[in-house]
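> What follows is a structure written as structure tokens; I'll ask about it next.
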Amino acid sequence: MDWQALWLTLRLAILVAAALLVIGVPIAYWITYSRWRWKFLIEAVVALPVVLPPTVLGFYVLVALGPKSPLGTWWISLTGHSLAFTFQGILIGSVIYSLPFAVQPFAASFAAVDERLLVASSTLGASSLSTFRRVILPLSVPGLVTGAALSFAHTMGEFGVVLMVGGDIPGLTRTLSISVYDQVQALNYAAANYTSVVLLAISFTLLAVIYGLNRRIWAVWPWK
Amino acid sequence: MAVEVTTNPIPKNSAARAPANLRVRISKSMAADRSAAFELRAAVVVPAGITILFGASGAGKTTLLNCIAGVTRPDSGDIEINGHSVYDSAKGVSIPPQQRGVGYVFQDLALFPHLSVEKNIAYGVGKMSVSERESRVEVILQSFGIGHLRSRKPGEISGGEKQRVAIARALALNPRALLLDEPMAALDRPTKSRIMEDLRAWNDGRQIPVLYVTHNREEVFALGASVLVMENGRIIAQGTPHEVMTAPQQEAVAQLAGFENIFVANVVAVHEERGTMVCRIAGTSLELETPLVRSQTGEELRVGISAGDILLATTFPVGISARNILRGTVVSMLQRDVIVTAKINCGIEFAAHLTLAARDSLHLKPGSEIWLIIKTHSCHLMRV
């Protein structure tokens, strides 16, 4: 069992979920309330990771982080080393890869807040920001939890993007899914099985707990 | 009976400004659906105190309130609250709803479901010290008798209590005007009148303009000192409930006021000195004495008569003050709950209401010969 990979994967998934709460909420707010006529283009871009093969996405992220891109050059001038094949690199790749899994539930829950409450809030003197903080966010907690849980789970099981951007460096970029792949390549099926079961158990437990706490929106949950 | 029909725009600065009032002169067109475009064109002054805005669904009442609150932007015109301009298309002024200081109680109340009653009410209370804010909320909670509900959520209180919370929430920000959009449509009458008493008591000390929207004519008589009648986006009448509802000048008002009998009639004689005139119902030889209105002989008018204002007699009545006595035959008797509606043919069909006991003691049935008795002042005249 590759405990190092497990710890690294958990760390990565938690950071991705946290980052997406910070980045995804403003994006989802904009998507929900913007009246810009070309908004659908941005929505399509946000949804791209759902359909794009992870290797393609990973390839572009790798190029963007590499020493020949403006972002890569800037990062190297700042820190002295490239983002490619680092933990920060796979974190960036994973955040992009999981973006739609956070933004879409966020946006759906914002849109579900009764518009009349927003009008009421404005006639009571609250600014848009204040309305967002005092009305929209508290009423969107289930959607925020769902988005964070989905991006966490999605990152736990991620393979292609991490491999393309991070390679397979033990302790740095080797996640559980890559570890399983390595074990299978080495014909070490017992270890692969063990790791897979651990990944399965952790993922299921976490999702069950989160959806259980959040069960109002999941009609299939067994008890109320 | 004076019914002021405000079709002319109110001249700006025409009268000395009252200490508190709401002046509106706006137009707003919107596409109601693909075919029909709807246009709101309203000019009105709402004084301090409670004014009822009455009209059928789709008359434009909510749109007018939305424009006043700043939720909807009119196409043109101006709106002043206590002399402060909050909207003026000529000057490009349009103050956002946050800064208008207009309390708005919505039809569906729109209470914040995740906040307690107390927090709902405190929501709009501006920046002030904690103790000041608490005392403001406390006063409102007590004034509307909802102190015991303070920590409950809106989902845990009754409909009447929700109304109180919604009104209290709008008043907690010390608004310069209050708008209520049919907030009590679903409430029983005693609950409604207790809430209105509390609102009236609260407003007695403050005297802000309160515009209360309803399409229920019982509320018009129960609540208001002053009534505005709205039809097709226009204010068509303004006055006391009695003036507006009992002497309608437009058929729209008549139907709202609930006349079961509406006939086209021609003026055949005008008796200025007696304050009456005689009208012949079109297509018949029936003549009715009616109150005098400004009109000429031969002019076509409509006569509205409430079914409850018609008396029935089995013999020709003598020694009676009523001036209109018509002979007819009962066509049908329809009982609905405890009221019987008799359809009576006098050359044209009338509907008259009577009680069960009256029906039984007169032995009325289809085919019975009967006399209809209608007072002059039960005949309400309207322009065609």
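Identifiers for the structure tokens are assigned positionally: chains receive A, B, ... in sequence, residues are indexed from 1 per chain, and ligands are indexed from 1 in the order shown.
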Going by DSSP on the backbone, which residues of stretch 96-324 of chain B come out as strand (DSSP E or B)? List them as number ranges by chain.

B: 102-105, 177-181, 209-214, 226-231, 234-239, 250, 261-271, 276-281, 287-291, 300-305, 311-313, 324

> Tell me as number ranges by chain which residues belonging to chain A come within 8 Å of chain B, counting only C-alpha atoms.

A: 116-117, 119-127, 135, 138-139

> Excluding B:Val227 and its own-chain neighbours fewer than 3 positions away, which residues fall within 6 Å of it when counting only C-alpha atoms? Please give them as a ChimeraX atom specification.

/B:51-53,238-241

> So that I can see what lies close to stretch 103-106 of chain A, please list as a PyMOL selection string the residues with an atom at most 10 Å from it, counting only C-alpha atoms and leaving out residues fewer than 4 positions away in the same chain.

chain A and resi 20-21+23-29+31-32+43+46-47+98-99+110-112+137+140-148+150-151

> Name the residues in contact with B:Ser321 at a cut-off of 10 Å, using only C-alpha atoms, excluding same-chain residues fewer than 5 positions from it; report them as a PDB file with N, CA and C atoms, in the first residue's frame.


```pdb
ATOM      1  N   ILE B 373     -89.735  46.355  -7.424  1.00  0.00           N
ATOM      2  CA  ILE B 373     -89.693  47.708  -6.872  1.00  0.00           C
ATOM      3  C   ILE B 373     -88.230  48.146  -6.778  1.00  0.00           C
ATOM      4  N   ILE B 374     -87.922  49.240  -7.460  1.00  0.00           N
ATOM      5  CA  ILE B 374     -86.532  49.699  -7.507  1.00  0.00           C
ATOM      6  C   ILE B 374     -86.476  51.177  -7.164  1.00  0.00           C
ATOM      7  N   LYS B 375     -85.711  51.525  -6.137  1.00  0.00           N
ATOM      8  CA  LYS B 375     -85.570  52.931  -5.766  1.00  0.00           C
ATOM      9  C   LYS B 375     -84.793  53.688  -6.840  1.00  0.00           C
ATOM     10  N   THR B 376     -85.111  54.958  -6.967  1.00  0.00           N
ATOM     11  CA  THR B 376     -84.399  55.796  -7.921  1.00  0.00           C
ATOM     12  C   THR B 376     -82.898  55.716  -7.706  1.00  0.00           C
TER      13      THR B 376
END
```

> Which residues, written as a list in words, have at least one atom at most 9 Å from B:Pro74, with only C-alpha atoms counted and residues fewer than 3 positions away on the same chain left out?

Ile26, Ser27, Lys28, Ser29, Leu40, Leu64, Cys67, Gly70, Gly77, Asp78, Tyr87 and Ser89 of chain B

> For the atom pair atom CA of B:Leu288 and atom CA of B:Ile236, what is the interatomic distance in Å to one decimal place?

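Value for the atom CA of B:Leu288-atom CA of B:Ile236 distance: 26.9 Å.
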
> Which value, in Å to one decimal, gives the distance between atom CA of B:Gly147 and atom CA of A:Arg133?

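Between atom CA of B:Gly147 and atom CA of A:Arg133 the gap is 26.6 Å.
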